[in-house]
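Below is the file final07.csv, which contains CSV, C-alpha atoms.
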chain,number,residue,atom,x,y,z
A,273,MET,CA,-16.9,10.6,25.0
A,274,THR,CA,-13.3,10.7,23.9
A,275,THR,CA,-12.8,12.5,20.6
A,276,ILE,CA,-10.0,11.4,18.3
A,277,ALA,CA,-9.1,13.3,15.2
A,278,VAL,CA,-7.6,11.3,12.3
A,279,VAL,CA,-5.7,13.5,9.9
A,280,GLY,CA,-5.5,11.9,6.4
A,281,ALA,CA,-8.2,9.8,4.7
A,282,GLY,CA,-5.9,7.4,2.8
A,283,ILE,CA,-6.1,3.7,3.5
A,284,ASN,CA,-4.2,3.9,6.8
A,285,GLY,CA,-6.4,6.8,8.1
A,286,LEU,CA,-9.6,5.0,7.1
A,287,CYS,CA,-8.5,1.7,8.7
A,288,THR,CA,-7.5,3.5,11.9
A,289,ALA,CA,-10.8,5.4,12.0
A,290,PHE,CA,-12.6,2.1,11.4
A,291,HIS,CA,-11.0,0.4,14.4
A,292,LEU,CA,-11.3,3.4,16.6
A,293,SER,CA,-15.0,3.6,15.9
A,294,ARG,CA,-15.5,-0.1,16.6
A,295,GLN,CA,-13.8,0.5,20.0
A,296,GLY,CA,-16.3,3.2,20.9
A,297,ALA,CA,-14.4,6.4,20.2
A,298,ARG,CA,-15.9,9.5,18.7
A,299,VAL,CA,-13.9,9.9,15.5
A,300,VAL,CA,-13.5,13.0,13.3
A,301,LEU,CA,-11.7,12.2,10.0
A,302,VAL,CA,-10.2,15.1,8.0
A,303,ASP,CA,-8.5,15.3,4.7
A,304,GLN,CA,-7.3,18.2,2.5
A,305,PHE,CA,-8.9,16.7,-0.6
A,306,GLU,CA,-12.3,15.5,-1.7
A,307,ALA,CA,-13.0,11.8,-1.9
A,308,GLY,CA,-11.6,10.0,-4.9
A,309,HIS,CA,-8.6,12.4,-5.5
A,310,ALA,CA,-5.4,11.1,-7.1
A,311,ARG,CA,-2.9,13.2,-5.3
A,312,GLY,CA,-1.7,10.8,-2.5
A,313,SER,CA,-0.9,7.1,-2.2
A,314,SER,CA,-4.2,5.2,-1.9
A,315,HIS,CA,-6.0,5.9,-5.2
A,316,GLY,CA,-6.4,3.4,-8.0
A,317,GLU,CA,-8.5,0.3,-8.3
A,318,GLU,CA,-6.1,-2.6,-7.5
A,319,ARG,CA,-3.1,-3.6,-5.4
A,320,ILE,CA,-1.2,-6.8,-4.9
A,321,THR,CA,-1.5,-8.8,-1.7
A,322,ARG,CA,1.0,-11.6,-1.0
A,323,SER,CA,3.0,-13.4,1.6
A,324,SER,CA,6.5,-13.1,0.1
A,325,TYR,CA,8.8,-10.7,1.8
A,326,GLU,CA,12.5,-10.7,2.7
A,327,ASP,CA,11.7,-10.1,6.4
A,328,PRO,CA,10.0,-13.0,8.3
A,329,ARG,CA,8.1,-10.4,10.5
A,330,TRP,CA,6.3,-9.1,7.4
A,331,VAL,CA,5.5,-12.6,6.3
A,332,VAL,CA,3.9,-13.3,9.7
A,333,ASP,CA,1.9,-10.1,9.5
A,334,MET,CA,0.6,-11.0,6.1
A,335,GLN,CA,-0.6,-14.3,7.4
A,336,ARG,CA,-2.6,-12.4,10.0
A,337,CYS,CA,-3.9,-10.0,7.3
A,338,HIS,CA,-5.0,-12.9,5.0
A,339,ALA,CA,-6.6,-15.0,7.8
A,340,VAL,CA,-8.1,-12.3,10.0
A,341,GLU,CA,-7.9,-8.7,9.0
A,342,TRP,CA,-9.1,-8.7,5.4
A,343,PRO,CA,-11.9,-11.2,6.1
A,344,LEU,CA,-13.1,-8.9,8.9
A,345,LEU,CA,-13.1,-5.9,6.6
A,346,GLU,CA,-15.0,-7.9,3.9
A,347,ALA,CA,-17.6,-8.9,6.5
A,348,ALA,CA,-18.0,-5.4,7.8
A,349,LEU,CA,-18.3,-3.8,4.3
A,350,GLY,CA,-20.4,-6.6,2.9
A,351,GLU,CA,-18.4,-7.1,-0.3
A,352,MET,CA,-15.4,-9.0,-1.7
A,353,LEU,CA,-12.2,-7.0,-1.4
A,354,VAL,CA,-9.6,-9.7,-2.0
A,355,TYR,CA,-9.7,-11.5,-5.3
A,356,ARG,CA,-8.5,-14.9,-4.2
A,357,GLY,CA,-7.5,-17.8,-6.4
A,358,GLY,CA,-4.9,-15.5,-7.8
A,359,ASP,CA,-1.2,-16.0,-7.1
A,360,ALA,CA,2.1,-14.3,-7.8
A,361,VAL,CA,5.6,-15.2,-9.0
A,362,PHE,CA,8.8,-13.7,-7.6
A,363,PHE,CA,12.0,-14.0,-9.7
A,364,GLY,CA,15.4,-12.4,-10.3
A,365,PRO,CA,19.1,-13.0,-10.3
A,366,GLU,CA,20.7,-15.1,-7.5
A,367,ALA,CA,22.9,-12.1,-6.6
A,368,GLY,CA,19.8,-10.1,-5.7
A,369,PRO,CA,17.4,-10.4,-2.7
A,370,PHE,CA,15.7,-13.5,-4.0
A,371,ALA,CA,17.5,-15.8,-1.5
A,372,ALA,CA,16.3,-13.7,1.4
A,373,TYR,CA,12.7,-13.9,0.2
A,374,ALA,CA,13.0,-17.7,-0.1
A,375,ARG,CA,14.5,-18.0,3.4
A,376,ALA,CA,11.8,-15.8,5.0
A,377,VAL,CA,8.8,-17.6,3.6
A,378,ALA,CA,10.4,-21.0,4.4
A,379,GLU,CA,11.1,-20.0,8.0
A,380,VAL,CA,7.5,-18.9,8.5
A,381,GLY,CA,5.9,-21.8,6.5
A,382,ALA,CA,4.0,-19.5,4.2
A,383,PRO,CA,2.1,-21.0,1.3
A,384,VAL,CA,4.9,-20.3,-1.2
A,385,ASP,CA,6.6,-22.9,-3.4
A,386,GLU,CA,10.1,-22.7,-4.9
A,387,ILE,CA,10.3,-24.0,-8.4
A,388,ASP,CA,13.0,-23.9,-11.1
A,389,ALA,CA,12.7,-21.5,-14.0
A,390,ALA,CA,12.0,-24.3,-16.5
A,391,GLU,CA,9.0,-25.5,-14.5
A,392,ALA,CA,7.9,-21.9,-14.0
A,393,ARG,CA,7.9,-21.3,-17.8
A,394,LYS,CA,5.6,-24.3,-18.2
A,395,ARG,CA,3.2,-23.0,-15.6
A,396,PHE,CA,3.3,-19.4,-16.8
A,397,PRO,CA,4.2,-19.3,-20.5
A,398,ALA,CA,3.7,-15.5,-20.8
A,399,PHE,CA,6.9,-15.1,-18.7
A,400,THR,CA,10.5,-15.6,-19.9
A,401,PHE,CA,12.0,-15.6,-16.4
A,402,ALA,CA,15.1,-14.3,-18.0
A,403,GLY,CA,18.2,-14.3,-15.7
A,404,SER,CA,16.4,-16.4,-13.0
A,405,ALA,CA,17.4,-19.9,-11.9
A,406,ARG,CA,14.6,-20.2,-9.3
A,407,VAL,CA,11.1,-18.8,-9.0
A,408,LEU,CA,8.9,-18.4,-5.9
A,409,HIS,CA,5.2,-19.2,-6.6
A,410,ASP,CA,3.2,-17.5,-3.9
A,411,ARG,CA,-0.2,-19.3,-3.7
A,412,SER,CA,-1.5,-16.8,-1.1
A,413,ALA,CA,-1.3,-13.8,-3.4
A,414,GLY,CA,-4.1,-12.1,-5.1
A,415,VAL,CA,-5.4,-8.7,-6.1
A,416,LEU,CA,-7.0,-6.3,-3.7
A,417,ALA,CA,-10.0,-4.2,-4.8
A,418,ALA,CA,-8.3,-1.0,-3.6
A,419,GLY,CA,-10.8,1.4,-4.9
A,420,ALA,CA,-13.8,-0.6,-3.6
A,421,THR,CA,-12.0,-0.8,-0.2
A,422,MET,CA,-11.6,3.0,0.0
A,423,ARG,CA,-15.2,3.7,-1.1
A,424,GLY,CA,-16.6,1.0,1.2
A,425,LEU,CA,-14.7,2.2,4.2
A,426,CYS,CA,-16.0,5.8,3.7
A,427,ARG,CA,-19.6,4.5,3.5
A,428,TRP,CA,-19.1,2.3,6.6
A,429,LEU,CA,-17.6,5.2,8.6
A,430,GLU,CA,-20.5,7.5,7.6
A,431,ARG,CA,-23.1,4.9,8.8
A,432,ALA,CA,-21.1,4.5,12.0
A,433,GLY,CA,-21.4,8.2,12.8
A,434,VAL,CA,-17.8,9.1,12.0
A,435,GLU,CA,-17.6,12.8,11.0
A,436,LEU,CA,-15.8,13.2,7.7
A,437,ARG,CA,-14.6,16.7,7.0
A,438,ARG,CA,-13.2,17.5,3.6
A,439,PRO,CA,-11.6,19.5,2.2
A,440,PHE,CA,-10.0,20.4,5.5
A,441,VAL,CA,-6.5,21.7,5.3
A,442,VAL,CA,-4.2,21.2,8.3
A,443,ASP,CA,-1.3,23.5,8.7
A,444,HIS,CA,-0.1,22.2,12.1
A,445,ILE,CA,-1.2,20.4,15.2
A,446,GLU,CA,-1.0,22.2,18.5
A,447,SER,CA,-0.6,20.1,21.7
A,448,ARG,CA,-2.3,21.3,24.8
A,449,ALA,CA,-2.4,19.9,28.4
A,450,ASP,CA,-5.9,18.7,27.8
A,451,GLY,CA,-5.9,17.8,24.2
A,452,VAL,CA,-4.9,18.9,20.7
A,453,GLU,CA,-5.9,21.6,18.2
A,454,ILE,CA,-6.0,20.7,14.6
A,455,ALA,CA,-5.1,24.1,13.0
A,456,GLY,CA,-5.6,25.5,9.6
A,457,PRO,CA,-8.1,27.8,7.9
A,458,GLU,CA,-10.5,25.9,10.1
A,459,ARG,CA,-9.8,24.6,13.6
A,460,LEU,CA,-10.8,21.4,15.3
A,461,SER,CA,-10.3,20.4,18.9
A,462,ALA,CA,-9.9,16.8,20.0
A,463,ASP,CA,-8.5,14.8,22.9
A,464,PHE,CA,-6.0,12.9,20.7
A,465,ALA,CA,-4.9,13.0,17.1
A,466,VAL,CA,-3.6,10.4,14.7
A,467,VAL,CA,-1.5,11.7,11.8
A,468,ALA,CA,-1.8,9.4,8.8
A,469,ALA,CA,-1.1,12.0,6.1
A,470,GLY,CA,1.1,10.0,3.7
A,471,PRO,CA,3.6,12.3,1.9
A,472,TRP,CA,2.4,15.3,4.0
A,473,ALA,CA,3.1,13.5,7.3
A,474,ARG,CA,6.6,14.9,7.9
A,475,ARG,CA,5.2,18.5,7.8
A,476,LEU,CA,2.6,17.6,10.4
A,477,ALA,CA,4.8,15.4,12.5
A,478,PRO,CA,8.2,17.1,12.8
A,479,GLY,CA,11.1,14.6,13.2
A,480,LEU,CA,9.3,11.9,11.1
A,481,ALA,CA,12.2,10.8,8.9
A,482,VAL,CA,10.3,9.9,5.7
A,483,ARG,CA,11.0,10.6,2.0
A,484,PRO,CA,8.1,11.2,-0.4
A,485,ALA,CA,8.8,9.8,-3.9
A,486,ARG,CA,6.5,10.3,-6.9
A,487,GLN,CA,5.8,7.0,-8.7
A,488,HIS,CA,5.1,6.6,-12.4
A,489,VAL,CA,2.7,3.7,-13.2
A,490,GLY,CA,1.7,2.3,-16.6
A,491,TYR,CA,-1.1,0.0,-17.8
A,492,TRP,CA,-0.3,-2.3,-20.7
A,493,GLN,CA,-2.5,-4.7,-22.6
A,494,LEU,CA,-1.6,-8.2,-21.3
A,495,PRO,CA,1.3,-9.9,-23.2
A,496,ALA,CA,0.6,-11.7,-26.4
A,497,ALA,CA,1.5,-15.1,-24.9
A,498,LYS,CA,-1.7,-15.5,-22.9
A,499,ALA,CA,-1.8,-19.3,-22.7
A,500,GLY,CA,-2.1,-20.4,-19.1
A,501,HIS,CA,-2.8,-18.3,-16.0
A,502,PHE,CA,-1.4,-14.8,-15.7
A,503,PRO,CA,-0.3,-14.0,-12.1
A,504,ALA,CA,0.9,-10.9,-10.3
A,505,TRP,CA,4.6,-10.7,-10.4
A,506,VAL,CA,7.7,-9.1,-8.7
A,507,HIS,CA,11.1,-8.9,-10.2
A,508,LEU,CA,13.8,-8.8,-7.5
A,509,GLY,CA,16.7,-7.2,-9.2
A,510,LEU,CA,20.1,-5.9,-8.1
A,511,GLY,CA,19.1,-2.7,-6.1
A,512,GLU,CA,15.8,-2.5,-7.9
A,513,LEU,CA,12.3,-3.9,-7.8
A,514,HIS,CA,9.6,-3.9,-10.4
A,515,TYR,CA,6.1,-5.2,-10.0
A,516,GLY,CA,3.0,-5.9,-12.0
A,517,LEU,CA,-0.5,-7.3,-11.6
A,518,PRO,CA,-3.5,-8.0,-13.7
A,519,THR,CA,-6.3,-5.4,-13.4
A,520,ILE,CA,-9.6,-6.4,-11.9
A,521,GLU,CA,-11.6,-5.7,-15.0
A,522,GLY,CA,-9.2,-8.0,-17.0
A,523,GLY,CA,-7.2,-7.6,-20.2
A,524,ALA,CA,-4.6,-5.3,-18.8
A,525,MET,CA,-1.5,-5.3,-16.6
A,526,LYS,CA,-0.5,-2.5,-14.1
A,527,ALA,CA,3.3,-2.3,-13.8
A,528,ALA,CA,5.9,0.1,-12.3
A,529,PHE,CA,9.3,0.5,-10.9
A,530,HIS,CA,9.3,0.5,-7.0
A,531,ASP,CA,11.1,3.8,-6.6
A,532,HIS,CA,12.4,4.8,-3.1
A,533,GLY,CA,13.4,8.3,-4.3
A,534,ALA,CA,16.6,10.1,-3.4
A,535,GLY,CA,17.7,13.1,-1.4
A,536,PRO,CA,15.0,15.0,0.5
A,537,GLY,CA,12.3,13.6,-1.8
A,538,ASP,CA,9.6,15.0,-4.0
A,539,ASP,CA,7.2,17.8,-3.0
A,540,PRO,CA,3.6,16.3,-2.8
A,541,GLY,CA,2.2,19.8,-3.2
A,542,GLU,CA,3.5,19.8,-6.8
A,543,ASP,CA,1.1,18.0,-9.2
A,544,GLY,CA,2.4,16.8,-12.5
A,545,PRO,CA,1.9,14.3,-15.3
A,546,PRO,CA,3.6,10.9,-15.3
A,547,SER,CA,7.2,10.8,-16.7
A,548,GLY,CA,7.3,9.4,-20.2
A,549,ASP,CA,11.0,8.4,-19.7
A,550,ALA,CA,10.1,6.5,-16.5
A,551,ILE,CA,7.3,4.6,-18.3
A,552,ASP,CA,9.5,3.8,-21.2
A,553,ALA,CA,12.2,2.4,-18.9
A,554,VAL,CA,9.6,0.1,-17.3
A,555,GLU,CA,8.4,-1.0,-20.8
A,556,SER,CA,12.0,-1.9,-21.8
A,557,ARG,CA,12.2,-4.2,-18.8
A,558,LEU,CA,8.8,-5.8,-19.6
A,559,CYS,CA,10.2,-6.7,-23.0
A,560,GLU,CA,12.9,-8.8,-21.3
A,561,TRP,CA,10.5,-10.6,-19.0
A,562,PHE,CA,7.5,-11.3,-21.1
A,563,THR,CA,7.3,-13.6,-24.2
A,564,GLY,CA,6.8,-11.3,-27.1
A,565,GLY,CA,6.9,-8.3,-24.9
A,566,PRO,CA,3.9,-6.5,-23.3
A,567,GLY,CA,0.9,-5.3,-25.3
A,568,PRO,CA,0.3,-1.6,-26.1
A,569,LEU,CA,0.5,1.0,-23.4
A,570,LEU,CA,-3.1,1.9,-22.5
A,571,ARG,CA,-2.7,4.7,-19.9
A,572,ARG,CA,-0.4,6.1,-17.2
A,573,GLU,CA,-0.8,7.7,-13.8
A,574,THR,CA,1.2,8.9,-10.7
A,575,CYS,CA,1.0,8.3,-7.0
A,576,PHE,CA,3.3,8.9,-4.0
A,577,TYR,CA,5.4,6.6,-1.9
A,578,THR,CA,6.4,7.8,1.6
A,579,ASN,CA,9.2,5.6,2.8
A,580,ALA,CA,11.6,5.5,5.7
A,581,GLU,CA,15.1,4.1,5.6
A,582,GLY,CA,15.1,0.3,5.1
A,583,ASP,CA,11.4,0.4,4.2
A,584,ARG,CA,10.6,0.6,7.9
A,585,PHE,CA,7.1,1.3,9.1
A,586,LEU,CA,7.1,4.3,11.4
A,587,ALA,CA,4.3,4.2,14.0
A,588,GLY,CA,4.4,5.7,17.5
A,589,TRP,CA,3.8,8.8,19.6
A,590,THR,CA,5.3,12.0,18.3
A,591,GLY,CA,3.7,14.0,21.1
A,592,GLU,CA,1.9,13.3,24.3
A,593,ARG,CA,-1.4,13.2,22.5
A,594,VAL,CA,-0.3,12.8,18.9
A,595,TYR,CA,0.3,9.4,17.3
A,596,SER,CA,1.9,9.3,13.9
A,597,LEU,CA,1.5,6.4,11.4
A,598,SER,CA,3.7,6.3,8.2
A,599,ALA,CA,3.4,2.8,6.8
A,600,CYS,CA,6.0,2.1,4.2
A,601,SER,CA,4.5,2.8,0.8
A,602,GLY,CA,4.4,0.0,-1.8
A,603,HIS,CA,3.5,-2.4,1.1
A,604,ALA,CA,1.1,-0.2,3.1
A,605,PHE,CA,-2.2,-1.0,1.4
A,606,LYS,CA,-2.1,-4.8,1.9
A,607,LEU,CA,-1.1,-4.4,5.6
A,608,ALA,CA,-3.4,-1.4,6.4
A,609,PRO,CA,-6.2,-3.3,8.2
A,610,LEU,CA,-3.5,-4.5,10.6
A,611,THR,CA,-1.5,-1.3,11.0
A,612,GLY,CA,-4.7,0.6,11.4
A,613,ARG,CA,-5.8,-1.7,14.1
A,614,ARG,CA,-2.4,-1.4,15.9
A,615,ALA,CA,-2.6,2.5,15.7
A,616,ALA,CA,-6.2,2.5,17.0
A,617,GLU,CA,-5.4,0.2,19.9
A,618,ALA,CA,-2.3,2.2,20.9
A,619,VAL,CA,-4.3,5.5,21.0
A,620,TRP,CA,-7.4,3.9,22.7
A,621,LEU,CA,-5.2,2.4,25.4
A,622,ARG,CA,-3.8,5.8,26.3
A,623,ALA,CA,-7.1,7.6,25.9
A,624,ARG,CA,-8.7,5.3,28.5
Reformat the file's structure so that it appears as C-alpha cells.
Amino acid sequence: MTTIAVVGAGINGLCTAFHLSRQGARVVLVDQFEAGHARGSSHGEERITRSSYEDPRWVVDMQRCHAVEWPLLEAALGEMLVYRGGDAVFFGPEAGPFAAYARAVAEVGAPVDEIDAAEARKRFPAFTFAGSARVLHDRSAGVLAAGATMRGLCRWLERAGVELRRPFVVDHIESRADGVEIAGPERLSADFAVVAAGPWARRLAPGLAVRPARQHVGYWQLPAAKAGHFPAWVHLGLGELHYGLPTIEGGAMKAAFHDHGAGPGDDPGEDGPPSGDAIDAVESRLCEWFTGGPGPLLRRETCFYTNAEGDRFLAGWTGERVYSLSACSGHAFKLAPLTGRRAAEAVWLRAR
C-alpha cells in the first residue's frame, strides 16, 4: 500500500489526510506540537465563511465549499460545523477594493446583495458604516466551528486508521529515488510527502516564497447597540482590511487587522504575547464603525498568517515526491476542505 506522510496537522494537513485516507492511501500525519496547541494558524473556536472576494475564482471556489465540501465534512464527522443563518457585511470607502468585491460577486451570481449605507444602518443598527456609501450583504456567510472541525477531523482520522505522530519534529525532507525520508530526531520513510506546515513550510520546502506574519486578535463584548441582528463583518479600507465575527458561544466579537507582514516575516519559532499596541489600534477603529463603540476587551491571542505575494495560494510539486501546500492565511480555513481535496487528488494521481 502506498504510504503518504503529511507534515503539519493544521486545517490543511488534516483535510489533505482526510481525503487521502478516503482514496485508500496509508497516511501518516506528523506535527511538531501536541493537539490543541496555539502556535500555528488553525487554533481558536471560530472563523468566518463567506462568498465575497475580489477575485471571481475565489467566489466560485466558495460556492463549491458551501454546497459540497463543508456538507461532506459535516456528514463524515457527524456534527454541525457551519453555523448557517448567519451573514456578513462588507463596507469601506469607494476608493478601496469595495468595487472589485461587488463586481466579483455579481459576475459569479453569488448570494450577495448590494444595499446603500442608509438601508444597511436600518438592518444592522450596531454599525455606523462610517465612510461607506454602499454595503455588501453576504447572505451565504456564517461562522465556522473551527475548533470542533479540528477535533472532529482528528477523531475521524484515528478511527480511519491514520497514524498520528506528535510531537514529531521535522528538520528536513530527503528525496530518494524510491521515496522520501522525513528526517529529524526521529525518522519516517514514505512513498510521498505533503508539506502543509503553515509558517514553518518555507524551511521544509525551500523556494516556497511565503512570509509568516504574527497576528494579534482581540475579543470584545458585543457593541452596546444590540438591536437587530449582529453579523460578521469586513472593512475594506485603503491598503488595509479589518474583520470581525460573533463568537459561537455568543455575547462577544472576535476582531483583528488582517496583517500581511513586511520584509522576511516573523519567526514562528518565537512565541510571545499579543501586542497591546496592535489590539489598541484595532479598538480605535471599532470605535468608528460601531454605534457607541465596542464593549470591554475580554481577552487577546495570537496566531500566524503565512502569505504569498498577492494572497496567492501556493500548491504544487516542490520535488519529485514532495507536494507543498501553503494556502493563503486569513482565507485558508474556509477553503481547506477544497484545497485539501485538490492536494490529495494531485498526490494520489502521481502515486498510482
Checklist entry - CA of Thr288 (chain A) to CA of His514 (chain A): how many Å, to one decimal? => result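 Separation of CA of Thr288 (chain A) and CA of His514 (chain A): 29.1 Å.
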Item to check | Selected residue of minimal separation from Gly522 (chain A) among A:Ala615, A:Val415, A:Val302, A:Ala473, counting all atoms listed in the file | outcome: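 Of all the options, A:Val415 lies closest to Gly522 (chain A).
Pairwise distance (CA of Asp410 (chain A), CA of Ala372 (chain A)) equals 14.6 Å.
Among the candidate residues A:Glu453, A:Glu366, A:Asp359, A:Glu379, the one lying nearest to Ala413 (chain A) is A:Asp359, with distances computed using only C-alpha atoms.
For the set A:Val619, A:Leu610, A:Val332, A:Ala367, the residue with the smallest atom-to-atom gap to Leu508 (chain A) is A:Ala367, counting all atoms listed in the file.
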Checklist entry - Any idea what the distance is between CA of Pro439 (chain A) and CA of Glu346 (chain A)? => result 27.7 Å
Check which residues of region 537-576 of chain A sit at most 12 Å from region 526-531 of chain A using all atoms listed in the file, and return one row each with the closest pair of atoms and their distance in Å to one decimal, ordered by chain and rising number, as CSV.
residue,atom,partner,partner_atom,distance
A:Gly537,CA,A:Asp531,CA,11.0
A:Asp538,CA,A:Asp531,CA,11.6
A:Pro546,CA,A:Ala528,CA,11.4
A:Ser547,CA,A:Ala528,CA,11.6
A:Asp549,CA,A:Phe529,CA,11.9
A:Ala550,CA,A:Phe529,CA,8.2
A:Ile551,CA,A:Ala528,CA,7.6
A:Asp552,CA,A:Ala528,CA,10.3
A:Ala553,CA,A:Phe529,CA,8.7
A:Val554,CA,A:Ala528,CA,6.2
A:Glu555,CA,A:Ala527,CA,8.8
A:Ser556,CA,A:Ala528,CA,11.5
A:Arg557,CA,A:Phe529,CA,9.6
A:Leu558,CA,A:Ala527,CA,8.7
A:Pro566,CA,A:Ala527,CA,10.4
A:Gly567,CA,A:Lys526,CA,11.6
A:Leu569,CA,A:Lys526,CA,10.0
A:Leu570,CA,A:Lys526,CA,9.8
A:Arg571,CA,A:Lys526,CA,9.5
A:Arg572,CA,A:Lys526,CA,9.1
A:Glu573,CA,A:Lys526,CA,10.2
A:Thr574,CA,A:Ala528,CA,10.1
A:Cys575,CA,A:Ala528,CA,10.9
A:Phe576,CA,A:Asp531,CA,9.7
Checklist entry - Which residue gives the smallest distance to Thr321 (chain A) among A:Ala604, A:Leu480, A:Leu510, A:Val466, with only C-alpha atoms counted? => result A:Ala604
Item to check | Expected answer as a PyMOL selection string: all residues with atoms within 12 Å of (-8.9, -1.8, 9.0), all atoms listed in the file | outcome: chain A and resi 282-294+337+340-349+421-422+424-426+428-429+604-617
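Using only C-alpha atoms, the smallest distance between any of A:Val506, A:Ile445, A:Leu476, A:Ala420 and Phe363 (chain A) comes from A:Val506.
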Next on the checklist: Give me the residues near Ala376 (chain A) as a VMD selection string, where near means some atom within 8 Å (using only C-alpha atoms) and where sequence neighbours in that chain fewer than 3 positions away do not count.
Outcome noted: chain A and resid 324 to 328 331 372 to 373 379 to 380
Item to check | Proximity to Leu353 (chain A) - best of A:Glu317, A:Asp333, A:Glu542, A:Glu435, all atoms listed in the file | outcome: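 For Leu353 (chain A), the nearest of the given residues is A:Glu317.
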Checklist entry - Can you list, as a ChimeraX atom specification, every protein, DNA or RNA residue that comes within 12 Å of Phe396 (chain A) when you count all atoms listed in the file, leaving out same-chain residues fewer than 6 positions away? => result /A:359-361,387,389-390,407,409,495,497-505,561-563
Checklist entry - Excluding same-chain residues fewer than 2 positions from Asp539 (chain A), what lies within 10 Å of it counting all atoms listed in the file, as a PyMOL selection string? => result chain A and resi 471-472+483-486+536-537+541-543+576
Pro457 (chain A): which residues within 12 Å, counting all atoms listed in the file, same-chain residues fewer than 4 positions away excluded, as a PDB file with C-alpha atoms, in the coordinates of the input?
ATOM      1  CA  GLN A 304      -7.300  18.200   2.500  1.00  0.00           C
ATOM      2  CA  PRO A 439     -11.600  19.500   2.200  1.00  0.00           C
ATOM      3  CA  PHE A 440     -10.000  20.400   5.500  1.00  0.00           C
ATOM      4  CA  VAL A 441      -6.500  21.700   5.300  1.00  0.00           C
ATOM      5  CA  VAL A 442      -4.200  21.200   8.300  1.00  0.00           C
ATOM      6  CA  ASP A 443      -1.300  23.500   8.700  1.00  0.00           C
ATOM      7  CA  HIS A 444      -0.100  22.200  12.100  1.00  0.00           C
TER       8      HIS A 444
END
